[in-house]
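Everything below belongs to structure39.cif, which stores mmCIF, C-alpha atoms.
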```
data_input
loop_
_atom_site.label_atom_id
_atom_site.label_comp_id
_atom_site.auth_asym_id
_atom_site.auth_seq_id
_atom_site.Cartn_x
_atom_site.Cartn_y
_atom_site.Cartn_z
CA MET K 393 86.79 187.16 113.77
CA PRO K 394 90.58 187.54 113.77
CA GLN K 395 91.51 191.20 113.76
CA GLY K 396 94.64 190.70 111.67
CA LYS K 397 96.96 191.26 114.63
CA PRO K 398 98.81 188.18 115.85
CA ALA K 399 99.16 187.89 119.63
CA VAL K 400 102.92 187.65 119.42
CA VAL K 401 105.48 188.10 116.67
CA PRO K 402 107.77 185.06 116.75
CA ASP K 403 111.52 185.33 116.56
CA ASP K 404 111.77 182.71 113.82
CA GLY K 405 113.66 184.69 111.19
CA LEU K 406 110.66 184.52 108.82
CA THR K 407 109.02 187.53 107.21
CA THR K 408 105.31 188.12 107.68
CA ARG K 409 104.91 187.14 104.05
CA GLN K 410 106.69 183.83 104.63
CA ARG K 411 104.61 183.10 107.71
CA ARG K 412 101.44 183.94 105.79
CA GLY K 413 102.34 181.31 103.24
CA ARG K 414 102.90 178.50 105.74
CA PRO K 415 100.87 175.37 104.94
CA LEU K 416 98.25 174.75 107.60
CA LEU K 417 96.80 171.67 109.23
CA LEU K 418 93.32 172.43 110.55
CA VAL K 419 91.23 170.13 112.73
CA HIS K 420 87.48 170.56 113.32
CA THR K 421 86.47 168.30 116.16
CA GLY K 422 83.99 168.05 119.06
CA PRO K 423 80.43 166.73 119.36
CA GLY K 424 78.64 169.74 117.85
CA LYS K 425 77.40 170.47 114.35
CA GLY K 426 79.38 172.36 111.76
CA LYS K 427 82.67 170.45 111.68
CA SER K 428 82.29 169.26 108.10
CA THR K 429 80.07 172.13 107.03
CA ALA K 430 82.79 174.59 107.99
CA ALA K 431 85.38 172.53 106.11
CA PHE K 432 83.27 172.70 102.95
CA GLY K 433 82.79 176.42 103.55
CA LEU K 434 86.58 176.68 103.61
CA ALA K 435 86.68 174.88 100.28
CA LEU K 436 84.69 177.79 98.80
CA ARG K 437 87.51 180.15 99.71
CA ALA K 438 90.12 177.81 98.24
CA TRP K 439 88.05 177.48 95.05
CA ASN K 440 87.82 181.27 94.85
CA GLN K 441 91.63 181.49 94.97
CA GLY K 442 91.79 179.14 91.99
CA TRP K 443 93.28 176.34 94.06
CA PRO K 444 92.80 172.67 93.18
CA VAL K 445 90.71 171.13 95.98
CA GLY K 446 90.64 167.44 96.87
CA VAL K 447 87.83 166.08 99.03
CA PHE K 448 88.20 162.64 100.64
CA GLN K 449 84.95 161.55 102.16
CA PHE K 450 85.29 158.97 104.94
CA VAL K 451 81.59 159.09 105.60
CA LYS K 452 78.79 156.96 106.86
CA SER K 453 75.92 157.18 104.45
CA ALA K 454 75.40 157.85 100.78
CA LYS K 455 72.88 160.62 101.52
CA TRP K 456 75.44 162.65 103.45
CA ARG K 457 77.16 165.56 101.71
CA VAL K 458 75.02 165.32 98.58
CA GLY K 459 74.50 169.09 98.69
CA GLU K 460 78.14 169.89 99.25
CA GLU K 461 79.25 167.40 96.62
CA ARG K 462 76.95 168.77 93.92
CA ALA K 463 77.77 172.38 94.79
CA LEU K 464 81.53 171.82 94.74
CA LYS K 465 81.32 169.87 91.49
CA VAL K 466 79.31 172.65 89.83
CA LEU K 467 81.88 175.17 91.08
CA GLY K 468 84.80 173.02 89.96
CA GLU K 469 83.32 172.75 86.47
CA SER K 470 82.33 176.42 86.19
CA GLY K 471 85.77 177.41 84.91
CA GLU K 472 85.69 180.40 87.30
CA GLY K 473 87.78 179.19 90.23
CA GLY K 474 89.84 176.15 91.12
CA THR K 475 89.13 172.54 90.28
CA VAL K 476 87.44 170.10 92.66
CA ALA K 477 88.09 166.36 92.87
CA TRP K 478 85.67 164.42 95.07
CA HIS K 479 86.75 161.02 96.36
CA LYS K 480 84.42 158.70 98.22
CA MET K 481 86.02 155.85 100.10
CA GLY K 482 84.50 152.58 98.92
CA GLU K 483 81.78 154.26 96.84
CA GLY K 484 78.34 153.58 98.29
CA TRP K 485 79.87 152.14 101.41
CA SER K 486 78.10 152.85 104.69
CA TRP K 487 79.05 152.36 108.30
CA ILE K 488 75.47 152.66 109.42
CA LYS K 489 73.99 150.20 106.98
CA LYS K 490 76.55 147.53 107.88
CA SER K 491 77.16 146.62 104.26
CA GLY K 492 80.39 144.72 104.01
CA THR K 493 82.46 143.50 106.91
CA GLU K 494 84.55 145.62 109.21
CA ALA K 495 87.62 144.26 107.46
CA ASP K 496 86.23 145.60 104.15
CA HIS K 497 85.63 149.03 105.68
CA ALA K 498 89.10 149.13 107.19
CA ALA K 499 90.58 148.19 103.81
CA ASP K 500 88.54 150.91 102.08
CA ALA K 501 89.73 153.47 104.58
CA ARG K 502 93.36 152.42 104.16
CA GLU K 503 93.02 152.60 100.41
CA GLY K 504 91.71 156.16 100.76
CA TRP K 505 94.62 157.09 102.96
CA ALA K 506 97.10 155.54 100.49
CA GLN K 507 95.61 157.80 97.78
CA ILE K 508 95.97 160.84 100.03
CA ARG K 509 99.64 159.97 100.60
CA ARG K 510 100.22 159.72 96.87
CA ASP K 511 98.48 163.03 96.24
CA LEU K 512 100.41 164.80 99.02
CA ALA K 513 103.69 163.49 97.60
CA ALA K 514 102.71 164.64 94.11
CA GLU K 515 101.31 167.98 95.41
CA THR K 516 98.09 167.29 93.54
CA TYR K 517 95.91 169.71 95.53
CA ARG K 518 96.34 172.94 97.44
CA LEU K 519 93.52 172.15 99.92
CA TYR K 520 92.63 168.67 101.15
CA VAL K 521 89.35 168.08 102.97
CA LEU K 522 89.63 164.79 104.89
CA ASP K 523 86.01 164.51 105.96
CA GLU K 524 85.28 162.33 109.02
CA PHE K 525 88.86 161.13 108.90
CA THR K 526 89.11 160.88 112.71
CA TYR K 527 86.98 157.71 112.78
CA PRO K 528 89.29 155.33 110.91
CA LEU K 529 92.09 156.73 113.10
CA LYS K 530 90.11 156.17 116.28
CA TRP K 531 89.24 152.62 115.28
CA GLY K 532 92.84 151.77 114.52
CA TRP K 533 92.19 151.17 110.80
CA ILE K 534 94.83 153.74 109.89
CA ASP K 535 97.95 154.33 111.97
CA VAL K 536 97.93 157.76 113.63
CA GLY K 537 101.73 157.93 113.79
CA GLU K 538 101.99 157.38 110.07
CA VAL K 539 99.41 160.09 109.41
CA VAL K 540 101.22 162.56 111.65
CA ASP K 541 104.59 161.83 110.01
CA THR K 542 103.14 162.09 106.52
CA LEU K 543 101.41 165.39 107.26
CA ALA K 544 104.45 166.83 109.04
CA GLY K 545 106.64 165.94 106.08
CA ARG K 546 104.32 166.98 103.26
CA PRO K 547 106.09 169.02 100.60
CA GLY K 548 105.18 172.44 99.22
CA ASN K 549 102.26 174.54 100.35
CA GLN K 550 99.37 172.13 100.87
CA HIS K 551 96.65 172.91 103.40
CA VAL K 552 94.80 170.05 105.06
CA VAL K 553 91.55 170.17 107.04
CA ILE K 554 90.48 167.10 109.00
CA THR K 555 87.00 166.73 110.50
CA GLY K 556 85.35 164.34 112.95
CA ARG K 557 84.75 163.74 116.64
CA GLU K 558 87.43 162.65 119.06
CA ALA K 559 90.49 163.62 117.07
CA PRO K 560 93.47 161.65 118.44
CA PRO K 561 95.82 163.63 120.73
CA ALA K 562 98.84 162.95 118.49
CA LEU K 563 97.00 164.60 115.59
CA LEU K 564 95.96 167.61 117.68
CA GLU K 565 99.58 167.94 118.77
CA VAL K 566 100.68 168.82 115.22
CA ALA K 567 97.62 170.84 114.16
CA ASP K 568 98.02 174.56 113.50
CA LEU K 569 94.37 175.35 114.08
CA ILE K 570 91.92 173.37 116.17
CA THR K 571 88.27 174.31 116.52
CA GLU K 572 86.01 172.37 118.83
CA MET K 573 82.31 172.43 117.93
CA THR K 574 80.17 172.04 121.03
CA LYS K 575 76.51 171.15 120.91
CA VAL K 576 74.52 173.55 123.03
CA ARG K 577 71.10 172.58 121.71
CA HIS K 578 69.94 170.39 118.85
CA PRO K 579 66.42 169.80 117.47
CA MET K 580 66.88 166.04 117.99
CA ASP K 581 66.92 166.72 121.74
CA THR K 582 63.25 167.56 121.44
CA GLY K 583 62.39 164.72 119.12
CA GLN K 584 62.86 166.32 115.74
CA LYS K 585 64.47 164.22 113.05
CA GLY K 586 66.92 165.62 110.54
CA GLN K 587 65.60 167.37 107.48
CA LYS K 588 66.78 167.89 103.95
CA GLY K 589 68.52 171.16 103.19
CA ILE K 590 69.69 171.31 106.80
CA GLU K 591 71.25 167.95 107.66
CA TRP K 592 72.13 166.96 104.11
CA MET X 781 76.92 163.14 113.17
CA PRO X 782 73.26 162.67 114.13
CA GLN X 783 72.27 159.04 113.75
CA GLY X 784 68.73 159.83 112.66
CA LYS X 785 67.28 158.76 116.00
CA PRO X 786 65.85 161.55 118.12
CA ALA X 787 66.54 161.26 121.86
CA VAL X 788 62.85 161.46 122.68
CA VAL X 789 59.66 161.40 120.66
CA PRO X 790 57.56 164.33 121.80
CA ASP X 791 53.86 164.06 122.58
CA ASP X 792 52.97 167.05 120.42
CA GLY X 793 50.42 165.48 118.11
CA LEU X 794 52.69 166.00 115.08
CA THR X 795 53.78 163.32 112.67
CA THR X 796 57.49 162.73 112.04
CA ARG X 797 56.95 164.28 108.65
CA GLN X 798 55.46 167.42 110.15
CA ARG X 799 58.26 167.70 112.66
CA ARG X 800 60.80 167.21 109.90
CA GLY X 801 59.34 170.19 108.09
CA ARG X 802 59.48 172.57 111.05
CA PRO X 803 61.28 175.82 110.24
CA LEU X 804 64.52 176.07 112.21
CA LEU X 805 66.39 178.90 113.84
CA LEU X 806 70.08 178.01 114.08
CA VAL X 807 72.72 180.00 115.97
CA HIS X 808 76.49 179.56 115.49
CA THR X 809 78.26 181.38 118.29
CA GLY X 810 81.41 181.23 120.45
CA PRO X 811 84.95 182.56 120.02
CA GLY X 812 86.22 179.86 117.64
CA LYS X 813 86.49 179.70 113.87
CA GLY X 814 83.87 178.19 111.61
CA LYS X 815 80.70 180.02 112.68
CA SER X 816 80.16 181.77 109.37
CA THR X 817 81.99 179.15 107.33
CA ALA X 818 79.55 176.50 108.57
CA ALA X 819 76.60 178.77 107.77
CA PHE X 820 77.82 179.12 104.19
CA GLY X 821 78.35 175.37 104.05
CA LEU X 822 74.71 175.03 105.06
CA ALA X 823 73.78 177.33 102.19
CA LEU X 824 75.27 174.72 99.81
CA ARG X 825 72.72 172.19 101.05
CA ALA X 826 69.89 174.67 100.69
CA TRP X 827 71.05 175.53 97.17
CA ASN X 828 71.16 171.82 96.33
CA GLN X 829 67.50 171.51 97.39
CA GLY X 830 66.62 174.29 94.95
CA TRP X 831 65.78 176.71 97.75
CA PRO X 832 66.09 180.46 97.35
CA VAL X 833 68.85 181.60 99.72
CA GLY X 834 69.23 185.12 101.11
CA VAL X 835 72.53 186.18 102.66
CA PHE X 836 72.66 189.32 104.80
CA GLN X 837 76.22 190.22 105.57
CA PHE X 838 76.65 192.36 108.69
CA VAL X 839 80.39 192.23 108.35
CA LYS X 840 83.45 194.20 109.14
CA SER X 841 85.58 194.42 106.05
CA ALA X 842 85.15 194.30 102.32
CA LYS X 843 87.72 191.51 101.95
CA TRP X 844 85.72 189.17 104.14
CA ARG X 845 83.54 186.54 102.52
CA VAL X 846 84.82 187.26 99.01
CA GLY X 847 85.26 183.54 98.40
CA GLU X 848 81.86 182.58 99.76
CA GLU X 849 80.15 185.43 97.91
CA ARG X 850 81.67 184.53 94.55
CA ALA X 851 81.02 180.81 95.02
CA LEU X 852 77.39 181.30 96.02
CA LYS X 853 76.79 183.74 93.18
CA VAL X 854 78.24 181.28 90.65
CA LEU X 855 76.02 178.55 92.13
CA GLY X 856 72.96 180.79 92.15
CA GLU X 857 73.48 181.63 88.47
CA SER X 858 74.29 178.06 87.40
CA GLY X 859 70.64 177.20 86.90
CA GLU X 860 71.26 173.89 88.70
CA GLY X 861 70.05 174.59 92.23
CA GLY X 862 68.34 177.43 94.07
CA THR X 863 68.87 181.13 93.64
CA VAL X 864 71.17 183.19 95.86
CA ALA X 865 70.67 186.85 96.81
CA TRP X 866 73.62 188.47 98.57
CA HIS X 867 72.99 191.61 100.60
CA LYS X 868 75.79 193.66 102.12
CA MET X 869 74.77 196.13 104.74
CA GLY X 870 75.97 199.61 103.70
CA GLU X 871 78.03 198.30 100.78
CA GLY X 872 81.76 198.82 101.33
CA TRP X 873 81.15 199.80 104.92
CA SER X 874 83.65 198.65 107.52
CA TRP X 875 83.60 198.57 111.29
CA ILE X 876 87.35 198.20 111.41
CA LYS X 877 88.23 200.99 109.06
CA LYS X 878 86.05 203.45 110.96
CA SER X 879 84.56 204.84 107.77
CA GLY X 880 81.39 206.71 108.70
CA THR X 881 80.22 207.41 112.22
CA GLU X 882 78.78 204.89 114.66
CA ALA X 883 75.38 206.46 113.98
CA ASP X 884 75.82 205.66 110.28
CA HIS X 885 76.73 202.06 111.04
CA ALA X 886 73.77 201.66 113.36
CA ALA X 887 71.48 203.08 110.68
CA ASP X 888 72.94 200.70 108.06
CA ALA X 889 72.40 197.74 110.37
CA ARG X 890 68.81 198.78 111.08
CA GLU X 891 68.16 199.18 107.38
CA GLY X 892 69.45 195.64 106.83
CA TRP X 893 67.18 194.31 109.54
CA ALA X 894 64.18 196.17 108.06
CA GLN X 895 64.89 194.40 104.75
CA ILE X 896 65.05 191.03 106.51
CA ARG X 897 61.67 191.73 108.16
CA ARG X 898 60.14 192.55 104.79
CA ASP X 899 61.60 189.40 103.23
CA LEU X 900 60.42 187.18 106.09
CA ALA X 901 56.91 188.64 105.80
CA ALA X 902 56.93 188.06 102.03
CA GLU X 903 58.54 184.60 102.40
CA THR X 904 61.19 185.62 99.88
CA TYR X 905 63.76 182.98 100.84
CA ARG X 906 63.79 179.47 102.28
CA LEU X 907 67.15 179.92 104.04
CA TYR X 908 68.39 183.20 105.53
CA VAL X 909 72.06 183.55 106.49
CA LEU X 910 72.34 186.50 108.90
CA ASP X 911 76.12 186.69 109.02
CA GLU X 912 77.68 188.39 112.07
CA PHE X 913 74.22 189.55 113.09
CA THR X 914 74.96 189.18 116.82
CA TYR X 915 77.12 192.33 116.82
CA PRO X 916 74.44 194.94 116.00
CA LEU X 917 72.27 193.17 118.61
CA LYS X 918 75.03 193.27 121.22
CA TRP X 919 75.70 196.95 120.58
CA GLY X 920 72.03 197.84 120.90
CA TRP X 921 71.70 199.01 117.31
CA ILE X 922 68.85 196.56 116.71
CA ASP X 923 66.37 195.59 119.42
CA VAL X 924 66.75 191.94 120.46
CA GLY X 925 63.12 191.68 121.59
CA GLU X 926 61.90 192.79 118.18
CA VAL X 927 64.19 190.26 116.47
CA VAL X 928 62.95 187.45 118.70
CA ASP X 929 59.30 188.36 118.12
CA THR X 930 59.79 188.66 114.38
CA LEU X 931 61.58 185.33 114.12
CA ALA X 932 59.07 183.56 116.38
CA GLY X 933 56.18 184.86 114.27
CA ARG X 934 57.69 184.31 110.83
CA PRO X 935 55.24 182.68 108.41
CA GLY X 936 55.71 179.53 106.34
CA ASN X 937 58.77 177.33 106.34
CA GLN X 938 61.73 179.68 106.48
CA HIS X 939 65.01 178.56 108.05
CA VAL X 940 67.28 181.18 109.61
CA VAL X 941 70.93 180.82 110.63
CA ILE X 942 72.53 183.59 112.68
CA THR X 943 76.30 183.79 113.26
CA GLY X 944 78.56 185.79 115.54
CA ARG X 945 80.12 185.84 118.98
CA GLU X 946 78.20 186.49 122.16
CA ALA X 947 74.70 185.77 120.90
CA PRO X 948 72.23 187.45 123.29
CA PRO X 949 70.51 185.10 125.79
CA ALA X 950 67.03 186.05 124.54
CA LEU X 951 68.02 184.89 121.04
CA LEU X 952 69.51 181.62 122.30
CA GLU X 953 66.27 181.07 124.23
CA VAL X 954 64.26 180.72 121.01
CA ALA X 955 66.91 178.94 118.90
CA ASP X 956 66.27 175.37 117.78
CA LEU X 957 69.94 174.55 117.28
CA ILE X 958 72.90 176.23 118.95
CA THR X 959 76.49 175.34 118.19
CA GLU X 960 79.31 176.95 120.08
CA MET X 961 82.63 177.11 118.27
CA THR X 962 85.53 177.06 120.72
CA LYS X 963 89.05 178.04 119.79
CA VAL X 964 91.49 175.40 120.92
CA ARG X 965 94.47 176.62 118.92
CA HIS X 966 94.89 179.26 116.24
CA PRO X 967 97.93 180.12 114.08
CA MET X 968 97.70 183.75 115.27
CA ASP X 969 98.63 182.51 118.74
CA THR X 970 102.08 181.80 117.38
CA GLY X 971 102.38 184.97 115.39
CA GLN X 972 101.00 183.89 112.02
CA LYS X 973 98.80 186.36 110.19
CA GLY X 974 95.72 185.34 108.23
CA GLN X 975 96.18 184.08 104.71
CA LYS X 976 94.12 184.07 101.56
CA GLY X 977 92.18 180.93 100.81
CA ILE X 978 91.96 180.21 104.53
CA GLU X 979 90.74 183.37 106.28
CA TRP X 980 88.96 184.85 103.25
#
```
Could you express the structure from this file as structure tokens?
Amino acid sequence: MPQGKPAVVPDDGLTTRQRRGRPLLLVHTGPGKGKSTAAFGLALRAWNQGWPVGVFQFVKSAKWRVGEERALKVLGESGEGGTVAWHKMGEGWSWIKKSGTEADHAADAREGWAQIRRDLAAETYRLYVLDEFTYPLKWGWIDVGEVVDTLAGRPGNQHVVITGREAPPALLEVADLITEMTKVRHPMDTGQKGQKGIEW
Amino acid sequence: MPQGKPAVVPDDGLTTRQRRGRPLLLVHTGPGKGKSTAAFGLALRAWNQGWPVGVFQFVKSAKWRVGEERALKVLGESGEGGTVAWHKMGEGWSWIKKSGTEADHAADAREGWAQIRRDLAAETYRLYVLDEFTYPLKWGWIDVGEVVDTLAGRPGNQHVVITGREAPPALLEVADLITEMTKVRHPMDTGQKGQKGIEW
């Protein structure tokens, strides 16, 4: 609920308009729900502005994000807002189901990151959703320093939102906006399993 | 990132299937970003399931939610998923702009709540997004006890997500899922104003 009044006005020689246009790196982290859901909600705003949106799904199970994927594809094809490109790392690949070896998964993740680098260099999208991207960083599959350098040096006006638990400190260091989602109570605490329409 | 394994299996005589189908009350609260954005992300999943979705926007400015509103309307009219009904309390009304008196705003909010009660009784929707609904509760415009009783006694299988800061304790008491969004860093801290595609 920002009130439109920044806490301080920086002495950086930029106009308000220039500061408004600054490309942002957003991180949604923490153990609570809503990290990815909020990122896909953000994609609705980007779509509404007519921006090309690129989703890169570093995710654990094929069932995940089916709702978001279908919704964003329908929006992208509606001809009303921006376009949506949806990339799944190693299509059908699952961390839970243990298909493939860890080396395969690491290679898939690196391939996804290589694509992101190419797209950032080419300014393919205006908003990038790197969903669950903290995990390959945490596991050392992708080098955090390289990610930080690439993001810091990205050209033009490209916004990036990264989701996932335990975002590495070096990534948080360069983020413009960090939101931590904290679990206060979850139905699974009282024995309820996830349900369609809510969890996926 | 629930792993599909509840922490405990309750001795409530219900099958997993029955527990899966339990109607949920979700609350997104706290001072951080993403409370409403995550609720609208959830609406994408509901839409994908073909559920009728009702949004009730208790919100401060006409510019807010324009992206989400347009996206959900396009989805609702696509004929691919569920329907979407979007209600704005006192259309065009703004808490920031001080149009109307406080009495008018309170009356608008109560009117919105009366509509929600009617819809819950009639089982009009499968997912209700009560956006920024904590504020009229906090300000005493709508009685928290009545809201809690109405939600606790709602018929059928209707999910409700309520967003906003400072959710009243009595509401949290009956919530199935509570996520607190905490602000770790925000561009406004360093003097950057909100920008289109990100804040709205």
inquiry  = Given the point (81.2, 169.0, 111.7) in the file's coordinates, find the residues that have an atom at most 10 Å from it, counting only C-alpha atoms, and give them as a PyMOL selection string.
reply    = (chain K and resi 420-432+523-524+554-557+572-574) or (chain X and resi 781+814+818)
inquiry  = I'd like to know which of K:Glu591, K:Arg577, K:Glu494, K:Gly446 is closest to chain X, using all atoms listed in the file.
reply    = K:Arg577
Could you tell me which residues the PyMOL selection byres ((chain K and resi 439) around 9) grabs in this file, written as a PDB file with C-alpha atoms, in the frame of the given file?
```
ATOM      1  CA  LEU K 434      86.580 176.680 103.610  1.00  0.00           C
ATOM      2  CA  ALA K 435      86.680 174.880 100.280  1.00  0.00           C
ATOM      3  CA  LEU K 436      84.690 177.790  98.800  1.00  0.00           C
ATOM      4  CA  ARG K 437      87.510 180.150  99.710  1.00  0.00           C
ATOM      5  CA  ALA K 438      90.120 177.810  98.240  1.00  0.00           C
ATOM      6  CA  ASN K 440      87.820 181.270  94.850  1.00  0.00           C
ATOM      7  CA  GLN K 441      91.630 181.490  94.970  1.00  0.00           C
ATOM      8  CA  GLY K 442      91.790 179.140  91.990  1.00  0.00           C
ATOM      9  CA  TRP K 443      93.280 176.340  94.060  1.00  0.00           C
ATOM     10  CA  PRO K 444      92.800 172.670  93.180  1.00  0.00           C
ATOM     11  CA  VAL K 445      90.710 171.130  95.980  1.00  0.00           C
ATOM     12  CA  LEU K 464      81.530 171.820  94.740  1.00  0.00           C
ATOM     13  CA  LEU K 467      81.880 175.170  91.080  1.00  0.00           C
ATOM     14  CA  GLY K 468      84.800 173.020  89.960  1.00  0.00           C
ATOM     15  CA  GLU K 472      85.690 180.400  87.300  1.00  0.00           C
ATOM     16  CA  GLY K 473      87.780 179.190  90.230  1.00  0.00           C
ATOM     17  CA  GLY K 474      89.840 176.150  91.120  1.00  0.00           C
ATOM     18  CA  THR K 475      89.130 172.540  90.280  1.00  0.00           C
ATOM     19  CA  VAL K 476      87.440 170.100  92.660  1.00  0.00           C
TER      20      VAL K 476
ATOM     21  CA  GLY X 847      85.260 183.540  98.400  1.00  0.00           C
ATOM     22  CA  ALA X 851      81.020 180.810  95.020  1.00  0.00           C
ATOM     23  CA  GLY X 977      92.180 180.930 100.810  1.00  0.00           C
TER      24      GLY X 977
END
```
message = Going by the chain IDs and residue numbers used in this file, which residues fall under the PyMOL selection byres ((chain X and resi 913) around 9)? Write them as a list in words.
response = Phe836, Gln837, Phe838, Val839, Ala889, Leu910, Asp911, Glu912, Thr914, Tyr915, Pro916, Leu917, Lys918, Ile942, Thr943, Gly944 and Ala947 of chain X
ask   = From the set X:His939, X:Val909, X:Glu891, X:Leu951, which residue has the shortest atom-to-atom contact distance to chain K, counting all atoms listed in the file?
value = X:His939
Produce the centre coordinates and the three edge lengths, each in Å to one decimal, of the box along x, y and z that contains all listed atoms of stretch 419-436 of chain K with 4 Å added on each side, as JSON.
```
{"center_x": 84.3, "center_y": 172.3, "center_z": 109.1, "size_x": 21.8, "size_y": 19.1, "size_z": 28.6}
```
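Around X:Val941, within 6 Å and counting all atoms listed in the file, the residues found are Leu805, Leu806, Val807 and Val909 of chain X, once anything fewer than 5 positions away on its own chain is removed.
Taking only C-alpha atoms into account, chain X lies nearest to K:Gly433 out of the set K:Arg509, K:Arg414, K:Gly433, K:Asp535.
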Coordinates-based distance that separates atom CA of K:Ile590 from atom CA of K:Glu460 (Å, one decimal) =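 Distance reported for this atom pair: 11.4 Å.
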message = Using only C-alpha atoms for the distances, tell me which of K:Ala477, K:Ala495, K:Val552, K:Leu564 is nearest to K:Arg462.
response =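 Residue with the minimum atom-to-atom distance to K:Arg462: K:Ala477.
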message = Please compute the atom CA of K:Ala562-atom CA of K:Thr542 distance, one decimal, in Å.
response =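 Calculated distance between atom CA of K:Ala562 and atom CA of K:Thr542 is 12.7 Å.
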message = One number please: atom CA of K:Thr493 to atom CA of K:Gly586, in Å, one decimal.
response =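 A separation of 27.3 Å between them.
Distance annotation: of X:Asp884, X:Asp929, X:Trp866, X:Leu907, the residue with the minimal separation from chain K is X:Leu907; atom set is only C-alpha atoms.
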